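What follows is a set of notes on a single structure, which appears directly below.
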Amino acid sequence: MTEKKLVQAVLREGGLLLASHNKGKLRELEAAFRGDDIDILSAIDKALPEPEETENTFSGNARLKALAAAGLTLGAVLADDSGLAIDALGGAPGIYSARWAGPDRDYDMAFSRIMKELGGDEAAMGARAAFVCVLVLILPGGEELVAEGRVEGRLTFPPRGVAGFGYDPIFIPDGEERTFGEMTPAEKAGYSHRAKALAALRAELGLS
Ligand SMILES: O=P(O)(O)OP(=O)(O)OP(=O)(O)OC[C@H]1O[C@@H](n2cnc3c(O)ncnc32)[C@H](O)[C@@H]1O
Ligand SMILES: [Mg+2]
């Protein structure tokens with residue numbers, strides 16, 4: 001068996017634990033493995049504790065989340081650290097994107113903070129930004145695979161659309177006039193940071 005075939009067999013045998021507590025992310029990650037004959041479970045299904053994200057990079061935090069769950073399962077583990085990086089704010093909120101929404105994950109609060117830090121709604125309109133996603137997969141033997149995806153775009157206020165999650169209603173990817181919040185899951189996946197990272201990871205795994 002080639003190494004890729006072996007890894008695929010390991011995934012089919014032991015399943016894949018998605019080490020995330022974000023339901024929006026989980027929907028997108030699950031959809032990417034639909035049809036692969038891999039049992040998918042999430043940190044929510046298994047009531048895993050949420051580790052504190054103490055690293056200062058997306059990759060550091062993705063690895064930290066994957067390692068925290070890897071000790072609690074026999075199968076493979078996949079973690080995602082992602083966020084919105086706004087050029088004029090030096091990449092903020094970046095790794096702090098979830099934290100800007102507060103403990104109640106109040107995104108209207110996060111949108112207001114972004115507008116304020118950009119100097120008001122006129123200055124905020126059209127501000128350049130990117131969504132970034134880093135995925136870390138840990139195989140049962142401890143081998144780690146890393147994949148990254150990024151989508152460039154601009155911000156719009158007030159938020160538009162009820163699809164997706166998090167910052168989707170204020171982000172318009174380049175080449176579009178609609179926000180991610182106004183797109184179907186398949187349309188968002190045609191542009192998104194997470195879809196790009198997943199495509200890179202699937203290629204590394206030999207899953208077409
Ligand atoms: O850590 P886990 O349990 O995976 O869940 P989380 O929501 O805390 O995830 P992060 O720590 O990676 O924080 C990511 C933040 O960026 C936001 N974000 C990431 N990807 C996004 C996307 O595709 N659309 C909208 N917002 C996104 C998301 O809402 C969070 O506020
Ligand atoms: Mg988190």
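Identifiers in this document derive from the order of the structure tokens: chains are assigned A, B, ..., residues are numbered from 1 separately in each chain, and ligands are numbered from 1 in order of occurrence.
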Hey, which residues sit close to ligand 2? Say within 9 Å, counting only C-alpha atoms and all ligand atoms, and write them as a PyMOL selection string.
chain A and resi 20-22+50-53+61-62+65+80-82+95-99
Can you tell me which residues surround segment 177-192 of chain A at a distance of at most 12 Å, considering only C-alpha atoms, apart from same-chain residues fewer than 4 positions away, and format the answer as a PyMOL selection string?
chain A and resi 24-25+27-32+82-84+126+130-133+148-173+196-199
For ligand 1, which residue among A:Gly142, A:Gly119, A:Pro49, A:Gly14 is the nearest when counting only C-alpha atoms and all ligand atoms?
A:Pro49
Would you pick out the contacts of Gly141 of chain A at 10 Å or less, using only C-alpha atoms, so that residues sharing its chain but fewer than 3 positions from it are not included, and give the list as a PyMOL selection string?
chain A and resi 10+74-76+138+144
Would you mind writing down, as a PDB file with N, CA and C atoms, in the first residue's frame, each residue of segment 54-102 of chain A that DSSP on the backbone assigns to helix (DSSP H, G or I)?
ATOM      1  N   PHE A  58      -2.204  31.456  13.998  1.00  0.00           N
ATOM      2  CA  PHE A  58      -3.275  30.526  13.644  1.00  0.00           C
ATOM      3  C   PHE A  58      -2.754  29.090  13.718  1.00  0.00           C
ATOM      4  N   SER A  59      -1.555  28.855  13.165  1.00  0.00           N
ATOM      5  CA  SER A  59      -1.055  27.467  13.133  1.00  0.00           C
ATOM      6  C   SER A  59      -0.783  26.953  14.541  1.00  0.00           C
ATOM      7  N   GLY A  60      -0.260  27.839  15.410  1.00  0.00           N
ATOM      8  CA  GLY A  60       0.005  27.429  16.794  1.00  0.00           C
ATOM      9  C   GLY A  60      -1.275  27.028  17.502  1.00  0.00           C
ATOM     10  N   ASN A  61      -2.317  27.822  17.321  1.00  0.00           N
ATOM     11  CA  ASN A  61      -3.583  27.513  17.996  1.00  0.00           C
ATOM     12  C   ASN A  61      -4.285  26.299  17.382  1.00  0.00           C
ATOM     13  N   ALA A  62      -4.167  26.139  16.051  1.00  0.00           N
ATOM     14  CA  ALA A  62      -4.779  24.957  15.426  1.00  0.00           C
ATOM     15  C   ALA A  62      -4.093  23.695  15.955  1.00  0.00           C
ATOM     16  N   ARG A  63      -2.771  23.758  16.072  1.00  0.00           N
ATOM     17  CA  ARG A  63      -2.015  22.607  16.559  1.00  0.00           C
ATOM     18  C   ARG A  63      -2.362  22.308  18.020  1.00  0.00           C
ATOM     19  N   LEU A  64      -2.480  23.369  18.810  1.00  0.00           N
ATOM     20  CA  LEU A  64      -2.837  23.221  20.233  1.00  0.00           C
ATOM     21  C   LEU A  64      -4.208  22.544  20.380  1.00  0.00           C
ATOM     22  N   LYS A  65      -5.180  22.958  19.555  1.00  0.00           N
ATOM     23  CA  LYS A  65      -6.519  22.359  19.642  1.00  0.00           C
ATOM     24  C   LYS A  65      -6.482  20.902  19.199  1.00  0.00           C
ATOM     25  N   ALA A  66      -5.697  20.625  18.132  1.00  0.00           N
ATOM     26  CA  ALA A  66      -5.618  19.238  17.646  1.00  0.00           C
ATOM     27  C   ALA A  66      -4.943  18.343  18.686  1.00  0.00           C
ATOM     28  N   LEU A  67      -3.854  18.830  19.267  1.00  0.00           N
ATOM     29  CA  LEU A  67      -3.138  18.015  20.260  1.00  0.00           C
ATOM     30  C   LEU A  67      -3.992  17.751  21.501  1.00  0.00           C
ATOM     31  N   ALA A  68      -4.777  18.758  21.909  1.00  0.00           N
ATOM     32  CA  ALA A  68      -5.631  18.585  23.095  1.00  0.00           C
ATOM     33  C   ALA A  68      -6.624  17.446  22.881  1.00  0.00           C
ATOM     34  N   ALA A  69      -7.157  17.342  21.654  1.00  0.00           N
ATOM     35  CA  ALA A  69      -8.145  16.289  21.380  1.00  0.00           C
ATOM     36  C   ALA A  69      -7.480  14.961  21.041  1.00  0.00           C
ATOM     37  N   ALA A  70      -6.248  15.019  20.498  1.00  0.00           N
ATOM     38  CA  ALA A  70      -5.569  13.786  20.078  1.00  0.00           C
ATOM     39  C   ALA A  70      -5.336  12.866  21.269  1.00  0.00           C
ATOM     40  N   ASP A  87      -6.696  44.650   6.952  1.00  0.00           N
ATOM     41  CA  ASP A  87      -5.420  45.297   6.606  1.00  0.00           C
ATOM     42  C   ASP A  87      -5.166  46.537   7.461  1.00  0.00           C
ATOM     43  N   ALA A  88      -6.161  47.459   7.497  1.00  0.00           N
ATOM     44  CA  ALA A  88      -5.960  48.750   8.179  1.00  0.00           C
ATOM     45  C   ALA A  88      -5.844  48.610   9.692  1.00  0.00           C
ATOM     46  N   LEU A  89      -6.154  47.423  10.214  1.00  0.00           N
ATOM     47  CA  LEU A  89      -6.005  47.178  11.660  1.00  0.00           C
ATOM     48  C   LEU A  89      -4.801  46.274  11.922  1.00  0.00           C
ATOM     49  N   GLY A  94      -7.864  38.942  13.585  1.00  0.00           N
ATOM     50  CA  GLY A  94      -6.964  37.801  13.398  1.00  0.00           C
ATOM     51  C   GLY A  94      -7.259  36.648  14.337  1.00  0.00           C
ATOM     52  N   ILE A  95      -6.234  36.232  15.074  1.00  0.00           N
ATOM     53  CA  ILE A  95      -6.430  35.082  15.977  1.00  0.00           C
ATOM     54  C   ILE A  95      -7.387  35.413  17.121  1.00  0.00           C
ATOM     55  N   TYR A  96      -7.705  36.700  17.271  1.00  0.00           N
ATOM     56  CA  TYR A  96      -8.645  37.100  18.340  1.00  0.00           C
ATOM     57  C   TYR A  96     -10.077  37.241  17.834  1.00  0.00           C
ATOM     58  N   SER A  97     -10.361  36.756  16.614  1.00  0.00           N
ATOM     59  CA  SER A  97     -11.686  36.978  16.010  1.00  0.00           C
ATOM     60  C   SER A  97     -12.814  36.465  16.889  1.00  0.00           C
ATOM     61  N   ALA A  98     -12.667  35.282  17.457  1.00  0.00           N
ATOM     62  CA  ALA A  98     -13.740  34.747  18.322  1.00  0.00           C
ATOM     63  C   ALA A  98     -13.838  35.605  19.580  1.00  0.00           C
ATOM     64  N   ARG A  99     -12.692  36.005  20.120  1.00  0.00           N
ATOM     65  CA  ARG A  99     -12.684  36.771  21.373  1.00  0.00           C
ATOM     66  C   ARG A  99     -13.289  38.164  21.210  1.00  0.00           C
ATOM     67  N   TRP A 100     -13.187  38.759  20.016  1.00  0.00           N
ATOM     68  CA  TRP A 100     -13.814  40.077  19.796  1.00  0.00           C
ATOM     69  C   TRP A 100     -15.343  39.981  19.882  1.00  0.00           C
TER      70      TRP A 100
END
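Nearest-residue note for ligand 1: choosing from A:Ala147, A:Ala92, A:Ala123, A:Ala79, the minimum distance belongs to A:Ala79, counting only C-alpha atoms and all ligand atoms.
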How many Å separate atom CA of Ala19 of chain A from atom 2 (P, counted along the ligand's line) of ligand 1?
7.3 Å
Residues near Ala200 of chain A, anyone? I mean within 10 Å using only C-alpha atoms, not counting same-chain ones fewer than 5 positions away, as a ChimeraX atom specification.
/A:135,146-149,194-195,205-207
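Taking only C-alpha atoms and all ligand atoms into account, ligand 1 lies nearest to A:Asp108 out of the set A:Glu117, A:Glu176, A:Asp108, A:Glu122.
Going from atom CA of Ser42 of chain A to atom CA of Leu78 of chain A covers 9.4 Å.
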With distances taken over only C-alpha atoms and all ligand atoms, which of A:Val7, A:Ile40, A:Met115, A:Ala110 is nearest to ligand 1?
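Answer, going by the shortest atom-to-atom distance: A:Ala110.
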May I ask for the distance between atom 14 (C, counted along the ligand's line) of ligand 1 and atom CA of Ala85 of chain A, given in Å to one decimal place?
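Separation of atom 14 (C, counted along the ligand's line) of ligand 1 and atom CA of Ala85 of chain A: 10.9 Å.
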